[in-house]
>>> print(open('input_15.txt').read())   # compact mmCIF, C-alpha atoms (C1' of nucleotides)
# COMPACT_ATOMS: atom_id res chain seq x y z
CA MET R 143 -46.42 4.70 -2.94
CA GLN R 144 -43.34 4.68 -0.75
CA THR R 145 -43.72 5.80 2.80
CA ARG R 146 -40.00 6.48 3.05
CA PRO R 147 -39.57 8.90 0.15
CA ARG R 148 -36.49 8.24 -1.92
CA ARG R 149 -34.04 11.03 -2.00
CA TYR R 150 -33.28 12.62 -5.33
CA HIS R 151 -32.04 9.66 -7.25
CA HIS R 152 -30.48 7.15 -5.08
CA GLY R 153 -31.52 7.24 -1.48
CA ASP R 154 -28.23 6.95 0.24
CA LEU R 155 -25.50 7.48 -2.27
CA ARG R 156 -22.78 7.85 0.32
CA ALA R 157 -23.31 4.44 1.85
CA ALA R 158 -23.81 2.88 -1.57
CA LEU R 159 -20.52 4.32 -2.76
CA LEU R 160 -18.66 2.91 0.22
CA THR R 161 -20.21 -0.52 -0.16
CA ARG R 162 -19.53 -0.73 -3.87
CA ALA R 163 -16.03 0.66 -3.44
CA GLU R 164 -15.17 -2.05 -0.97
CA GLU R 165 -16.49 -4.70 -3.33
CA THR R 166 -14.30 -3.54 -6.19
CA LEU R 167 -11.38 -3.16 -3.81
CA ARG R 168 -11.80 -6.76 -2.76
CA GLU R 169 -12.49 -8.15 -6.22
CA LYS R 170 -10.32 -6.10 -8.52
CA GLY R 171 -7.78 -4.37 -6.33
CA PRO R 172 -7.14 -0.73 -5.48
CA ALA R 173 -5.90 0.19 -8.95
CA ALA R 174 -9.30 -0.61 -10.42
CA LEU R 175 -11.10 1.75 -8.07
CA SER R 176 -12.39 4.74 -10.01
CA LEU R 177 -14.95 7.29 -8.93
CA ARG R 178 -16.40 7.42 -12.40
CA GLU R 179 -16.90 3.69 -12.60
CA LEU R 180 -18.42 3.65 -9.14
CA ALA R 181 -20.87 6.31 -10.26
CA ARG R 182 -21.66 4.35 -13.41
CA ASP R 183 -22.29 1.19 -11.41
CA LEU R 184 -24.71 3.03 -9.17
CA GLY R 185 -26.46 4.79 -12.02
CA VAL R 186 -25.59 8.34 -11.07
CA SER R 187 -23.59 10.97 -12.90
CA HIS R 188 -19.85 10.99 -12.53
CA ALA R 189 -20.01 14.23 -10.60
CA ALA R 190 -22.44 12.95 -7.99
CA PRO R 191 -19.83 11.35 -5.67
CA SER R 192 -18.24 14.72 -5.09
CA ARG R 193 -21.26 15.75 -3.03
CA HIS R 194 -20.35 13.08 -0.50
CA PHE R 195 -16.59 12.84 -0.76
CA LYS R 196 -14.60 15.92 -1.58
CA ASP R 197 -11.94 13.79 -3.18
CA LYS R 198 -11.05 10.27 -4.13
CA GLN R 199 -8.71 10.19 -1.14
CA ASP R 200 -11.61 11.26 1.04
CA LEU R 201 -13.51 8.15 0.01
CA LEU R 202 -10.45 5.99 0.64
CA ASP R 203 -10.08 7.52 4.09
CA ALA R 204 -13.72 6.75 4.86
CA LEU R 205 -13.19 3.19 3.70
CA ALA R 206 -10.16 2.82 5.97
CA LEU R 207 -11.98 4.33 8.92
CA ASN R 208 -14.86 1.95 8.44
CA GLY R 209 -12.37 -0.91 8.29
CA PHE R 210 -10.88 0.05 11.65
CA GLU R 211 -14.32 0.19 13.20
CA ARG R 212 -15.18 -3.30 12.00
CA LEU R 213 -11.79 -4.59 13.04
CA GLY R 214 -12.36 -3.18 16.51
CA GLU R 215 -15.67 -4.99 16.76
CA ILE R 216 -14.20 -8.27 15.60
CA ILE R 217 -11.34 -8.05 18.07
CA ALA R 218 -13.68 -7.15 20.90
CA ALA R 219 -15.95 -10.06 19.99
CA SER R 220 -12.99 -12.43 19.99
CA GLN R 221 -12.27 -11.47 23.58
CA GLU R 222 -15.81 -11.98 24.73
CA GLY R 223 -15.93 -15.50 23.36
CA ALA R 224 -12.50 -16.47 24.67
CA GLY R 225 -11.48 -18.21 27.85
CA GLU R 226 -9.96 -16.43 30.82
CA SER R 227 -6.29 -17.26 30.62
CA PHE R 228 -3.89 -14.96 28.84
CA ALA R 229 -2.92 -17.72 26.44
CA GLU R 230 -6.51 -18.32 25.42
CA ARG R 231 -7.28 -14.65 25.00
CA LEU R 232 -4.12 -14.01 23.00
CA ASP R 233 -4.87 -16.98 20.80
CA ALA R 234 -8.36 -15.72 20.10
CA MET R 235 -7.14 -12.21 19.32
CA VAL R 236 -4.40 -13.34 16.98
CA ARG R 237 -6.76 -15.58 15.06
CA ALA R 238 -9.36 -12.85 14.83
CA TYR R 239 -6.86 -10.33 13.53
CA VAL R 240 -5.23 -12.61 11.00
CA GLY R 241 -8.67 -13.80 9.94
CA PHE R 242 -9.78 -10.23 9.29
CA ALA R 243 -6.54 -9.50 7.49
CA THR R 244 -6.73 -12.40 5.09
CA ALA R 245 -10.43 -11.86 4.46
CA ASN R 246 -9.87 -8.15 3.76
CA ALA R 247 -6.38 -7.99 2.36
CA ALA R 248 -6.77 -4.95 0.14
CA LEU R 249 -8.70 -3.08 2.81
CA LEU R 250 -6.01 -3.76 5.40
CA ASP R 251 -3.41 -2.49 2.97
CA LEU R 252 -5.43 0.68 2.63
CA MET R 253 -5.95 1.04 6.38
CA TYR R 254 -2.24 1.06 7.08
CA SER R 255 -1.12 2.88 3.96
CA ILE R 256 0.72 6.13 4.25
CA LYS R 257 -1.19 8.37 1.92
CA HIS R 258 -3.88 9.83 4.14
CA ASP R 259 -4.81 13.46 4.55
CA PRO R 260 -3.19 14.86 7.66
CA GLU R 261 -6.69 15.74 8.77
CA ALA R 262 -8.22 12.32 8.16
CA SER R 263 -5.00 10.77 9.35
CA GLU R 264 -5.77 11.90 12.86
CA ALA R 265 -9.18 10.27 12.81
CA LEU R 266 -7.55 7.11 11.50
CA SER R 267 -4.91 7.16 14.20
CA VAL R 268 -7.62 7.40 16.79
CA ALA R 269 -9.49 4.49 15.26
CA ALA R 270 -6.30 2.43 15.04
CA GLN R 271 -5.48 3.36 18.61
CA ARG R 272 -8.84 2.23 19.82
CA TRP R 273 -8.39 -1.31 18.67
CA ALA R 274 -4.81 -1.29 19.86
CA GLU R 275 -6.26 -0.64 23.29
CA GLU R 276 -7.73 -4.10 23.16
CA ILE R 277 -4.16 -5.33 23.23
CA VAL R 278 -3.35 -3.08 26.15
CA GLU R 279 -6.34 -4.44 27.98
CA LEU R 280 -5.31 -7.99 27.19
CA ILE R 281 -1.82 -7.35 28.52
CA GLY R 282 -3.12 -5.66 31.63
CA ASP R 283 -5.44 -8.55 32.34
CA GLY R 284 -2.61 -11.01 31.82
CA GLN R 285 -0.43 -9.08 34.25
CA SER R 286 -3.08 -9.08 36.96
CA ARG R 287 -3.36 -12.84 36.54
CA GLY R 288 0.40 -13.15 36.92
CA GLU R 289 0.73 -14.60 33.44
CA VAL R 290 2.46 -11.64 31.84
CA ARG R 291 5.61 -9.99 33.05
CA GLU R 292 5.42 -6.63 34.78
CA GLY R 293 6.03 -3.30 33.08
CA PRO R 294 4.02 -0.47 31.50
CA VAL R 295 1.27 -2.09 29.45
CA GLU R 296 1.98 0.08 26.41
CA ARG R 297 5.59 -0.99 26.36
CA VAL R 298 4.78 -4.66 26.77
CA GLY R 299 2.03 -4.31 24.20
CA VAL R 300 3.95 -2.69 21.35
CA PRO R 301 6.01 -5.77 20.45
CA VAL R 302 2.87 -7.89 20.62
CA PHE R 303 1.07 -5.47 18.35
CA ALA R 304 4.03 -5.46 15.98
CA THR R 305 4.19 -9.25 15.79
CA LEU R 306 0.50 -9.57 15.15
CA HIS R 307 0.47 -6.86 12.54
CA GLY R 308 3.62 -8.11 10.87
CA TYR R 309 2.46 -11.69 10.61
CA ALA R 310 -0.83 -10.60 9.10
CA GLY R 311 1.01 -8.40 6.63
CA LEU R 312 3.39 -11.14 5.58
CA ALA R 313 0.58 -13.64 5.20
CA VAL R 314 -1.48 -11.22 3.14
CA SER R 315 1.32 -10.18 0.79
CA GLY R 316 2.31 -13.81 0.26
CA MET R 317 5.80 -13.31 1.60
CA LEU R 318 5.73 -16.35 3.84
CA PRO R 319 7.20 -19.59 2.56
CA PRO R 320 4.20 -21.77 1.70
CA GLU R 321 5.01 -24.45 4.25
CA THR R 322 4.94 -21.94 7.12
CA THR R 323 1.24 -21.23 6.83
CA GLU R 324 0.78 -24.65 8.36
CA HIS R 325 2.28 -23.91 11.77
CA GLY R 326 2.87 -20.20 11.32
CA LEU R 327 0.04 -18.98 13.48
CA ASP R 328 0.81 -21.42 16.27
CA ASP R 329 4.47 -20.48 16.20
CA VAL R 330 3.64 -16.78 16.39
CA ILE R 331 1.35 -17.32 19.34
CA ALA R 332 3.88 -19.50 21.17
CA HIS R 333 6.66 -17.00 20.50
CA THR R 334 4.52 -14.16 21.81
CA LEU R 335 3.66 -16.09 24.93
CA ARG R 336 7.36 -16.68 25.60
CA GLY R 337 8.08 -13.01 25.04
CA CYS R 338 5.39 -11.98 27.49
CA ALA R 339 5.99 -14.59 30.16
CA PRO R 340 7.22 -13.49 33.62
CA ASP R 341 10.79 -14.44 34.47
CA MET W 158 33.79 14.67 -28.26
CA GLN W 159 32.48 11.92 -26.02
CA THR W 160 34.36 8.66 -26.02
CA ARG W 161 31.30 6.86 -24.66
CA PRO W 162 28.76 7.66 -27.35
CA ARG W 163 25.34 8.61 -26.02
CA ARG W 164 22.58 6.32 -27.08
CA TYR W 165 19.76 7.80 -29.09
CA HIS W 166 18.61 10.48 -26.78
CA HIS W 167 19.27 9.65 -23.27
CA GLY W 168 21.95 7.09 -22.70
CA ASP W 169 20.36 4.85 -20.18
CA LEU W 170 16.71 5.67 -19.99
CA ARG W 171 15.79 2.58 -18.02
CA ALA W 172 18.08 3.38 -15.11
CA ALA W 173 17.16 7.04 -15.27
CA LEU W 174 13.48 6.19 -15.07
CA LEU W 175 14.02 4.03 -12.02
CA THR W 176 16.10 6.65 -10.26
CA ARG W 177 13.67 9.45 -10.94
CA ALA W 178 10.70 7.28 -10.06
CA GLU W 179 12.15 6.53 -6.67
CA GLU W 180 12.77 10.20 -6.07
CA THR W 181 9.18 11.15 -6.76
CA LEU W 182 8.00 8.17 -4.75
CA ARG W 183 9.99 9.44 -1.81
CA GLU W 184 9.15 13.09 -2.21
CA LYS W 185 5.58 13.12 -3.44
CA GLY W 186 4.20 9.70 -2.75
CA PRO W 187 3.01 6.88 -4.98
CA ALA W 188 -0.09 8.72 -6.20
CA ALA W 189 2.10 11.37 -7.83
CA LEU W 190 4.02 8.82 -9.84
CA SER W 191 3.09 9.12 -13.52
CA LEU W 192 4.91 7.70 -16.50
CA ARG W 193 4.19 10.81 -18.54
CA GLU W 194 5.61 13.12 -15.91
CA LEU W 195 8.66 10.90 -15.54
CA ALA W 196 9.19 11.11 -19.28
CA ARG W 197 8.77 14.87 -19.19
CA ASP W 198 11.29 15.20 -16.37
CA LEU W 199 13.82 13.21 -18.36
CA GLY W 200 13.16 15.04 -21.60
CA VAL W 201 11.86 12.13 -23.63
CA SER W 202 8.53 11.52 -25.22
CA HIS W 203 5.74 10.06 -23.14
CA ALA W 204 5.88 6.85 -25.16
CA ALA W 205 9.58 6.26 -24.57
CA PRO W 206 9.23 4.49 -21.20
CA SER W 207 7.23 1.73 -22.80
CA ARG W 208 10.40 0.52 -24.52
CA HIS W 209 11.83 -0.32 -21.10
CA PHE W 210 8.78 -1.17 -19.04
CA LYS W 211 5.83 -2.79 -20.68
CA ASP W 212 3.54 -1.26 -18.12
CA LYS W 213 3.41 1.12 -15.22
CA GLN W 214 3.16 -1.90 -12.95
CA ASP W 215 6.26 -3.29 -14.57
CA LEU W 216 8.19 -0.23 -13.49
CA LEU W 217 6.77 -0.50 -9.98
CA ASP W 218 7.81 -4.14 -9.84
CA ALA W 219 11.33 -3.22 -10.90
CA LEU W 220 11.41 -0.55 -8.21
CA ALA W 221 10.34 -3.08 -5.58
CA LEU W 222 12.85 -5.64 -6.75
CA ASN W 223 15.62 -3.08 -6.55
CA GLY W 224 14.44 -2.21 -3.05
CA PHE W 225 14.74 -5.82 -1.92
CA GLU W 226 18.23 -6.05 -3.33
CA ARG W 227 19.37 -2.96 -1.44
CA LEU W 228 17.64 -4.13 1.69
CA GLY W 229 19.47 -7.42 1.45
CA GLU W 230 22.78 -5.64 1.20
CA ILE W 231 22.03 -3.42 4.16
CA ILE W 232 20.99 -6.35 6.30
CA ALA W 233 24.06 -8.33 5.30
CA ALA W 234 26.27 -5.35 6.11
CA SER W 235 24.66 -4.99 9.52
CA GLN W 236 25.68 -8.54 10.31
CA GLU W 237 29.25 -8.07 9.26
CA GLY W 238 29.70 -5.08 11.50
CA ALA W 239 27.98 -6.65 14.48
CA GLY W 240 29.38 -8.52 17.43
CA GLU W 241 29.18 -12.27 17.82
CA SER W 242 26.42 -12.82 20.33
CA PHE W 243 22.89 -13.41 19.19
CA ALA W 244 21.70 -10.35 21.08
CA GLU W 245 24.20 -8.11 19.34
CA ARG W 246 23.45 -9.51 15.90
CA LEU W 247 19.69 -9.27 16.39
CA ASP W 248 20.06 -5.72 17.61
CA ALA W 249 22.07 -4.77 14.55
CA MET W 250 19.60 -6.39 12.18
CA VAL W 251 16.54 -4.81 13.74
CA ARG W 252 18.10 -1.38 13.63
CA ALA W 253 19.20 -1.85 10.04
CA TYR W 254 15.75 -2.97 8.95
CA VAL W 255 13.85 -0.26 10.77
CA GLY W 256 16.37 2.28 9.54
CA PHE W 257 15.82 1.23 5.95
CA ALA W 258 12.07 1.22 6.48
CA THR W 259 11.86 4.73 7.87
CA ALA W 260 14.30 6.08 5.29
CA ASN W 261 12.33 4.46 2.44
CA ALA W 262 8.78 4.38 3.70
CA ALA W 263 6.98 4.62 0.38
CA LEU W 264 9.32 2.12 -1.23
CA LEU W 265 8.77 -0.39 1.56
CA ASP W 266 5.04 0.04 1.13
CA LEU W 267 5.48 -0.77 -2.53
CA MET W 268 7.75 -3.74 -1.85
CA TYR W 269 5.16 -5.45 0.30
CA SER W 270 2.08 -4.32 -1.56
CA ILE W 271 -0.25 -6.87 -3.03
CA LYS W 272 -0.64 -5.67 -6.55
CA HIS W 273 2.20 -7.34 -8.40
CA ASP W 274 2.05 -9.32 -11.60
CA PRO W 275 1.96 -13.02 -10.83
CA GLU W 276 5.06 -13.28 -13.00
CA ALA W 277 7.00 -10.48 -11.29
CA SER W 278 5.54 -11.60 -8.00
CA GLU W 279 7.65 -14.70 -8.14
CA ALA W 280 10.85 -12.74 -8.67
CA LEU W 281 9.84 -10.53 -5.75
CA SER W 282 9.13 -13.48 -3.51
CA VAL W 283 12.58 -14.81 -4.28
CA ALA W 284 14.17 -11.46 -3.47
CA ALA W 285 12.17 -11.18 -0.27
CA GLN W 286 13.10 -14.72 0.62
CA ARG W 287 16.76 -14.02 0.15
CA TRP W 288 16.88 -11.35 2.79
CA ALA W 289 14.65 -13.43 5.03
CA GLU W 290 17.39 -16.01 4.89
CA GLU W 291 19.58 -13.59 6.80
CA ILE W 292 17.16 -14.09 9.66
CA VAL W 293 17.35 -17.84 9.27
CA GLU W 294 21.11 -17.63 9.38
CA LEU W 295 20.97 -15.42 12.44
CA ILE W 296 18.70 -17.88 14.21
CA GLY W 297 20.88 -20.84 13.23
CA ASP W 298 23.96 -19.12 14.51
CA GLY W 299 22.19 -18.28 17.75
CA GLN W 300 21.17 -21.88 18.17
CA SER W 301 24.68 -23.19 17.70
CA ARG W 302 25.83 -20.75 20.35
CA GLY W 303 23.15 -22.06 22.70
CA GLU W 304 21.51 -18.64 22.85
CA VAL W 305 18.39 -19.52 20.91
CA ARG W 306 16.02 -22.34 21.67
CA GLU W 307 16.03 -25.43 19.50
CA GLY W 308 13.63 -26.10 16.64
CA PRO W 309 13.52 -25.73 12.87
CA VAL W 310 15.12 -22.40 11.99
CA GLU W 311 12.28 -21.41 9.67
CA ARG W 312 9.73 -21.92 12.39
CA VAL W 313 11.72 -20.01 14.98
CA GLY W 314 12.44 -17.31 12.41
CA VAL W 315 8.92 -16.56 11.21
CA PRO W 316 7.78 -14.84 14.42
CA VAL W 317 11.01 -12.86 14.48
CA PHE W 318 10.50 -11.81 10.87
CA ALA W 319 6.89 -10.87 11.65
CA THR W 320 7.84 -8.76 14.65
CA LEU W 321 10.53 -6.92 12.75
CA HIS W 322 8.34 -6.32 9.74
CA GLY W 323 5.36 -5.34 11.83
CA TYR W 324 7.25 -2.84 13.94
CA ALA W 325 8.72 -1.22 10.87
CA GLY W 326 5.29 -1.03 9.28
CA LEU W 327 3.70 0.52 12.34
CA ALA W 328 6.49 3.04 12.71
CA VAL W 329 6.29 4.00 9.05
CA SER W 330 2.53 4.43 8.94
CA GLY W 331 2.57 6.48 12.12
CA MET W 332 0.37 4.08 14.02
CA LEU W 333 2.55 3.97 17.11
CA PRO W 334 1.71 6.27 20.00
CA PRO W 335 4.33 9.04 19.86
CA GLU W 336 5.87 8.22 23.23
CA THR W 337 6.63 4.65 22.16
CA THR W 338 9.19 5.63 19.56
CA GLU W 339 11.42 6.41 22.50
CA HIS W 340 11.82 2.89 23.82
CA GLY W 341 9.95 1.05 21.07
CA LEU W 342 12.94 -0.42 19.36
CA ASP W 343 14.56 -1.53 22.59
CA ASP W 344 11.33 -3.13 23.74
CA VAL W 345 10.94 -4.99 20.46
CA ILE W 346 14.48 -6.31 20.67
CA ALA W 347 14.11 -7.36 24.30
CA HIS W 348 10.78 -9.03 23.58
CA THR W 349 12.26 -10.93 20.65
CA LEU W 350 15.19 -12.09 22.74
CA ARG W 351 12.79 -13.44 25.37
CA GLY W 352 10.80 -15.19 22.68
CA CYS W 353 13.90 -16.83 21.26
CA ALA W 354 15.63 -17.72 24.51
CA PRO W 355 16.13 -21.37 25.42
CA ASP W 356 14.05 -22.67 28.31
C1' DA J 169 -30.22 19.55 -0.79
C1' DC J 170 -28.85 16.71 -4.39
C1' DC J 171 -27.72 15.76 -8.86
C1' DT J 172 -26.60 16.66 -14.09
C1' DG J 173 -23.82 17.84 -18.22
C1' DA J 174 -20.24 19.96 -20.17
C1' DA J 175 -15.57 21.31 -19.78
C1' DC J 176 -10.64 21.06 -18.45
C1' DA J 177 -6.37 19.13 -17.73
C1' DC J 178 -4.55 15.21 -16.98
C1' DC J 179 -3.61 9.90 -17.40
C1' DG J 180 -1.77 4.87 -19.58
C1' DT J 181 -1.32 2.38 -23.75
C1' DT J 182 -0.79 1.53 -28.63
C1' DC J 183 1.14 2.04 -33.17
C1' DA J 184 2.62 3.82 -37.44
C1' DA J 185 6.47 6.35 -38.65
C1' DG J 186 10.92 8.34 -38.26
C1' DT J 187 16.40 8.15 -37.38
C1' DA F 25 17.52 -0.48 -31.50
C1' DC F 26 15.37 3.42 -29.73
C1' DC F 27 12.42 7.08 -29.85
C1' DT F 28 8.48 10.36 -31.66
C1' DG F 29 3.75 12.09 -32.49
C1' DA F 30 -0.78 11.37 -32.92
C1' DA F 31 -4.67 8.90 -31.42
C1' DC F 32 -7.81 6.42 -28.19
C1' DA F 33 -10.21 5.57 -24.19
C1' DC F 34 -10.05 6.55 -19.92
C1' DC F 35 -9.35 9.44 -15.42
C1' DG F 36 -10.39 13.29 -11.23
C1' DT F 37 -12.18 17.72 -10.42
C1' DT F 38 -14.90 21.84 -11.06
C1' DC F 39 -18.96 24.55 -11.92
C1' DA F 40 -22.95 26.51 -13.95
C1' DA F 41 -27.40 24.89 -14.29
C1' DG F 42 -31.37 22.14 -13.39
C1' DT F 43 -35.20 19.88 -10.03
>>> encode(input="input_15.txt", output="structure tokens")
Amino acid sequence: MQTRPRRYHHGDLRAALLTRAEETLREKGPAALSLRELARDLGVSHAAPSRHFKDKQDLLDALALNGFERLGEIIAASQEGAGESFAERLDAMVRAYVGFATANAALLDLMYSIKHDPEASEALSVAAQRWAEEIVELIGDGQSRGEVREGPVERVGVPVFATLHGYAGLAVSGMLPPETTEHGLDDVIAHTLRGCAPD
Amino acid sequence: MQTRPRRYHHGDLRAALLTRAEETLREKGPAALSLRELARDLGVSHAAPSRHFKDKQDLLDALALNGFERLGEIIAASQEGAGESFAERLDAMVRAYVGFATANAALLDLMYSIKHDPEASEALSVAAQRWAEEIVELIGDGQSRGEVREGPVERVGVPVFATLHGYAGLAVSGMLPPETTEHGLDDVIAHTLRGCAPD
DNA sequence: ACCTGAACACCGTTCAAGT
DNA sequence: ACCTGAACACCGTTCAAGT
């Protein structure tokens, strides 16, 4: 009756595991994430996930990798919709990043956490690097417009990356005084613009 | 034979648990941290820790709180040993913070992680705030010397805090391109100075 | 190929009972 | 006050066996 024959029980257990895992991560935090419960939720045996992820950490790595891919898309999209000036493009990028961070707090925590397999860690570094290149591109563009001071793009970009990442992290972990959320983003953007401005 | 009588079995189990927990955190990561193993290491029953920490999370919270206290001391010490100019003081603080971060990577991860009890979370926010006030003080001092632009200290300080925190986080999670560690710190300091400079 | 079911060695937490 | 020992309900991981 089905033209696309179901696979053994589930169809696409791997994707279903990732989707469900991210839901529980978002709703109940990383501590509540258990392979057995995931399997229960999806109606498969507790041993089934091991066909798709050798390990719990392997699933977490896949989750993080997927997060970096989506982050990259969001950042890229923010640049396409933005104006041409460096200030406008920076503004759009910062808002896109902080928006992703606050909407996916637990996932972001996972993406930048330390406990990755050395093997998967390389794939993650590459993924993280790829979106960081959006910053490099932004800086380079700003330089060619004369709106950003000269210097190797990577070196100008690192402090910008750090500021962005740090602000998102502080906002997400609730370490910012409540009244700062008001002007916090604007202040960060203005500060970054000053830091990048030519002499 | 001992003037200071031992308590029941251990003497000061609470402190011993914290010490040992931080060791395993440092050496084997947060995933390897188990109350039962801690108890085994210290030669007490697996139920003994519950007399001192109601929960595993309670122990983690205590670990984080202790981390913030030590961080505060280190930051304060960096300011005492530093020169008078804003640039010198900022330099000292950044190096102290990044030094602490790289020397206590897993602990820092824990300190800023999201999964704290709402109750303990408040105590942690206070502790985090206290060291953040060192930044506020630094900014205020810089302003009175005419080396930092005017404006509410909290608003000038937030981007500085974010940059510092973000750079430490990136360095710790290995997300910085290897060649940046060379000049990374210097670039971050220079960038921050530009961002803070008066017009 | 993909999944099951049982088994193993671990967890965290609780609670009567001991000293 | 502080700790033990047993018990409970969970884990992650592995592996023969099923379809």
>>> interface_residues(input="input_15.txt", of="chain F", to="chain R", cutoff="9 Å", atoms="only C-alpha atoms (C1' of nucleotides)", output="number ranges by chain")
F: 35-37, 43
>>> axis_aligned_box(input="input_15.txt", around="stretch 179-190 of chain R", padding_each_side="3 Å", output="JSON")
{"center_x": -21.7, "center_y": 7.7, "center_z": -10.7, "size_x": 15.6, "size_y": 19.0, "size_z": 11.4}
>>> interface_residues(input="input_15.txt", of="chain R", to="chain W", cutoff="8 Å", atoms="only C-alpha atoms", output="ChimeraX atom specification")
/R:171,248,251,254-257,267,270-271,296-298,300-309,311-312,314-317,319,322,325-326,329-330,333-338
>>> atom_distance(input="input_15.txt", atom1="atom CA of W:Phe225", atom2="atom CA of W:Gly238")
20.1 Å
>>> atom_distance(input="input_15.txt", atom1="atom CA of R:Ala243", atom2="atom CA of R:Ala219")
15.7 Å
>>> residues_around(input="input_15.txt", residues="J:DA185", least_positions_apart="4", cutoff="12 Å", atoms="all atoms listed in the file", output="PyMOL selection string")
chain F and resi 27-30
>>> atom_distance(input="input_15.txt", atom1="atom CA of R:Glu289", atom2="atom CA of R:Glu215")
25.3 Å
>>> residues_near_point(input="input_15.txt", point="(3.1, -6.1, -11.0)", cutoff="8 Å", atoms="only C-alpha atoms (C1' of nucleotides)", output="count of residues only")
11
>>> residues_near_point(input="input_15.txt", point="(17.5, 13.5, -18.0)", cutoff="8 Å", atoms="all atoms listed in the file", output="list of chain:residue names")
W:His167, W:Ala173, W:Asp198, W:Leu199, W:Gly200
